[in-house]
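**Student:** Got a structure for you, written out below as structure tokens; questions coming shortly.
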Amino acid sequence: MIWVPLFLLACVVAGVGCARVCRAALAAALPHPAAPGSAADPELALCEAAYLAGGPLRVTDLTLVSMHRGRRLLLAHTGWATVVDAGGADRDELERAVLGAIGPGGQCRVPAVRPVVAAGDAVRSIEERLVGLGLAVPAARRREVADGLRAVKAGFALSLVLGTAAALLVPAAERTLVVAAFTLPLLASGLCLLIGVVERYPYTRWASPAGQRLLSGLSPADPLTALATRGPAVLEPELRAALRGQARRGRDVRDRS
């Protein structure tokens, strides 16, 4: 019966992982209260819609494309961003963050700009406002669900390893019983992972149920609104390539100067 301690260990680890993800999902399902005095249905700015639909990187992509269409920035299909017009007192905080990430040289790779802007104060202030209005899921709740999913994955992997080891350690006559026993933790962990893949855990999304309701009311007729709500897939191929930072082999936007 050497396999019994291995089986109990697998059950404990799988049970802990499933309990963590279920508790985190239930906590995330609770509505986040809006800040006192906030409007019941506030009007979303375009950058706020982008955050709710795709998070900080979507806000960055929206800002880059908006500056490109306004001829303040050139996004080349080779993946380089070049400042065309750095002046103007009407720059908002996001545009100033983009210019700061590009640097004084006026040119930078888009993949280097995106994470800097996404992690900056301008995007963080958008997040704080939306969380305060009850429209965005707090980061702590998203982390709890993500940590729970990682625990479930670890439990599934450990159950598989321990089950295989136990089946190899016991006589052939007992292997059917061992396999049947280890099916329990594997099934529990596997079902949690399956739910995560199929449902993609709605509570790990950026928008709360109230935020998702506001997003559903936005019309994608405007190209920038479509980008904010649907992502770079709605863009023309050249801009999609620019945001992905793809460059043709042996070519560089600076080689053209």
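Letters A, B, ... go to the chains of the structure tokens in the order shown; residues in each chain start at 1; ligands are counted from 1 in the same order.
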Can you pull out the residues contacting Thr164 in chain A? Cut-off 10 Å, using only C-alpha atoms, and skip same-chain residues under 3 positions away; I want them as a list in words.
**Tutor:** Leu158, Ser159, Leu160, Val161, Ala167, Leu168, Leu169, Arg175, Val178, Val179 and Phe182 of chain A
**Student:** Now that the selection is made, can you save its residues with N, CA and C atoms as an mmCIF file, in the first residue's frame?
**Tutor:**
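The resulting file, part.cif, is shown below:
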```cif
data_model
loop_
_atom_site.group_PDB
_atom_site.id
_atom_site.type_symbol
_atom_site.label_atom_id
_atom_site.label_comp_id
_atom_site.auth_asym_id
_atom_site.auth_seq_id
_atom_site.Cartn_x
_atom_site.Cartn_y
_atom_site.Cartn_z
ATOM 1 N N LEU A 158 1.131 17.568 -10.357
ATOM 2 C CA LEU A 158 1.627 16.710 -9.279
ATOM 3 C C LEU A 158 0.838 15.418 -9.205
ATOM 4 N N SER A 159 -0.474 15.493 -9.374
ATOM 5 C CA SER A 159 -1.296 14.280 -9.355
ATOM 6 C C SER A 159 -0.898 13.334 -10.476
ATOM 7 N N LEU A 160 -0.598 13.893 -11.647
ATOM 8 C CA LEU A 160 -0.194 13.064 -12.770
ATOM 9 C C LEU A 160 1.139 12.383 -12.496
ATOM 10 N N VAL A 161 2.086 13.147 -11.931
ATOM 11 C CA VAL A 161 3.406 12.577 -11.632
ATOM 12 C C VAL A 161 3.306 11.513 -10.548
ATOM 13 N N ALA A 167 1.760 3.919 -9.942
ATOM 14 C CA ALA A 167 1.432 2.801 -10.820
ATOM 15 C C ALA A 167 2.667 1.958 -11.136
ATOM 16 N N LEU A 168 3.826 2.607 -11.186
ATOM 17 C CA LEU A 168 5.065 1.870 -11.463
ATOM 18 C C LEU A 168 5.603 1.141 -10.238
ATOM 19 N N LEU A 169 5.222 1.614 -9.051
ATOM 20 C CA LEU A 169 5.749 1.019 -7.824
ATOM 21 C C LEU A 169 4.967 -0.204 -7.378
ATOM 22 N N ARG A 175 -2.504 -2.175 -10.240
ATOM 23 C CA ARG A 175 -2.425 -0.935 -11.002
ATOM 24 C C ARG A 175 -3.794 -0.381 -11.384
ATOM 25 N N VAL A 178 -4.986 1.593 -8.467
ATOM 26 C CA VAL A 178 -4.217 2.835 -8.309
ATOM 27 C C VAL A 178 -4.656 3.873 -9.339
ATOM 28 N N VAL A 179 -4.790 3.437 -10.580
ATOM 29 C CA VAL A 179 -5.214 4.371 -11.629
ATOM 30 C C VAL A 179 -6.601 4.924 -11.328
ATOM 31 N N PHE A 182 -6.305 7.584 -8.458
ATOM 32 C CA PHE A 182 -5.716 8.865 -8.853
ATOM 33 C C PHE A 182 -6.569 9.617 -9.877
#
```
**Student:** Going by DSSP on the backbone, which bits of range 16-125 of chain A are helix (DSSP H, G or I)? Write them as a PyMOL selection string, please.
**Tutor:** chain A and resi 16-29+46-54+56-69+93-102+110-118+121-125
**Student:** Residues within 9 Å of range 104-117 of chain A, please, as a list in words. Count only C-alpha atoms; anything in the same chain fewer than 4 positions from it doesn't count.
**Tutor:** Pro56, Leu57, Val59, Thr60, Asp61, Leu64, Leu75, Thr78, Gly79, Trp80, Ala81, Thr82, Val83, Val84, Ala86, Leu94, Ala97, Val98, Leu99, Gly100, Asp121, Ala122, Val123, Ala242, Leu243, Arg244 and Gly245 of chain A
**Student:** Counting only C-alpha atoms, which of A:Ala25, A:Leu8, A:Ala154, A:Ala53 gets nearest to Leu214 in chain A?
**Tutor:**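 Ranking A:Ala25, A:Leu8, A:Ala154, A:Ala53 by distance to Leu214 in chain A, first place goes to A:Ala53.
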**Student:** With DSSP run on the backbone, what are the strand (DSSP E) residues within range 53-132 of chain A? I'd like them as a list in words.
**Tutor:**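 Of range 53-132 of chain A, only Leu73, Leu74, Leu75, Trp80, Ala81, Thr82, Val83, Gln107, Cys108 and Arg109 of chain A fall in strand (DSSP E).
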**Student:** Near range 221-238 of chain A, within 7 Å and counting only C-alpha atoms, which residues show up once chain neighbours fewer than 2 positions away are dropped, as a ChimeraX atom specification?
**Tutor:** /A:46,49-50,53,58,62,77,219,240-242
**Student:** For the selection you just gave me, I'd like the residues written to a file as an mmCIF file, in the first residue's frame, keeping N, CA and C atoms.
**Tutor:**
```cif
data_model
loop_
_atom_site.group_PDB
_atom_site.id
_atom_site.type_symbol
_atom_site.label_atom_id
_atom_site.label_comp_id
_atom_site.auth_asym_id
_atom_site.auth_seq_id
_atom_site.Cartn_x
_atom_site.Cartn_y
_atom_site.Cartn_z
ATOM 1 N N LEU A 46 -12.858 57.329 -24.297
ATOM 2 C CA LEU A 46 -12.369 56.286 -25.187
ATOM 3 C C LEU A 46 -11.232 55.493 -24.547
ATOM 4 N N ALA A 49 -12.739 53.073 -22.067
ATOM 5 C CA ALA A 49 -13.315 51.908 -22.750
ATOM 6 C C ALA A 49 -12.218 50.939 -23.174
ATOM 7 N N ALA A 50 -11.100 51.491 -23.632
ATOM 8 C CA ALA A 50 -9.988 50.629 -24.029
ATOM 9 C C ALA A 50 -9.452 49.852 -22.834
ATOM 10 N N ALA A 53 -11.867 47.036 -21.925
ATOM 11 C CA ALA A 53 -11.923 45.969 -22.924
ATOM 12 C C ALA A 53 -10.629 45.172 -23.021
ATOM 13 N N ARG A 58 -4.023 47.842 -24.200
ATOM 14 C CA ARG A 58 -5.014 48.334 -25.160
ATOM 15 C C ARG A 58 -5.073 49.859 -25.123
ATOM 16 N N LEU A 62 -4.288 52.239 -28.331
ATOM 17 C CA LEU A 62 -5.230 53.277 -28.754
ATOM 18 C C LEU A 62 -4.531 54.627 -28.861
ATOM 19 N N HIS A 77 5.388 50.090 -40.504
ATOM 20 C CA HIS A 77 5.080 48.661 -40.453
ATOM 21 C C HIS A 77 6.285 47.845 -39.989
ATOM 22 N N SER A 219 -20.865 51.798 -29.829
ATOM 23 C CA SER A 219 -20.936 51.440 -31.244
ATOM 24 C C SER A 219 -19.531 51.366 -31.831
ATOM 25 N N ARG A 240 -1.238 46.904 -37.727
ATOM 26 C CA ARG A 240 -1.114 45.710 -36.881
ATOM 27 C C ARG A 240 0.343 45.267 -36.800
ATOM 28 N N ALA A 241 1.030 45.305 -37.943
ATOM 29 C CA ALA A 241 2.445 44.941 -37.947
ATOM 30 C C ALA A 241 3.264 45.916 -37.114
ATOM 31 N N ALA A 242 2.908 47.198 -37.160
ATOM 32 C CA ALA A 242 3.640 48.200 -36.380
ATOM 33 C C ALA A 242 3.489 47.946 -34.887
#
```
**Student:** Please measure the separation of CA of Arg143 in chain A and CA of Val16 in chain A, giving the value in Å to one decimal.
**Tutor:**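 Calculated distance between CA of Arg143 in chain A and CA of Val16 in chain A is 16.7 Å.
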**Student:** What is the CA of Glu43 in chain A to CA of Gly134 in chain A distance in Å?
**Tutor:**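 Interatomic distance, CA of Glu43 in chain A to CA of Gly134 in chain A: 13.2 Å.
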**Student:** Go through A:Leu44, A:Val131, A:Ala165, A:Leu193 one by one, measure the shortest atom-to-atom distance of each to Ser216 in chain A using only C-alpha atoms, and give the residue with the smallest value.
**Tutor:**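 Under the stated criterion, the closest residue is A:Leu44.
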**Student:** Calculated over only C-alpha atoms, which of the candidates A:Cys18, A:Ala210, A:Ile102, A:Val170 has the smallest distance to Arg150 in chain A?
**Tutor:**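 Nearest candidate to Arg150 in chain A out of A:Cys18, A:Ala210, A:Ile102, A:Val170: A:Cys18.
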**Student:** Determine the nearest neighbour of Asp92 in chain A from the options A:Ala180, A:Met67, A:Leu215, A:Ala136, counting only C-alpha atoms.
**Tutor:**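 Residue with the minimum atom-to-atom distance to Asp92 in chain A: A:Met67.
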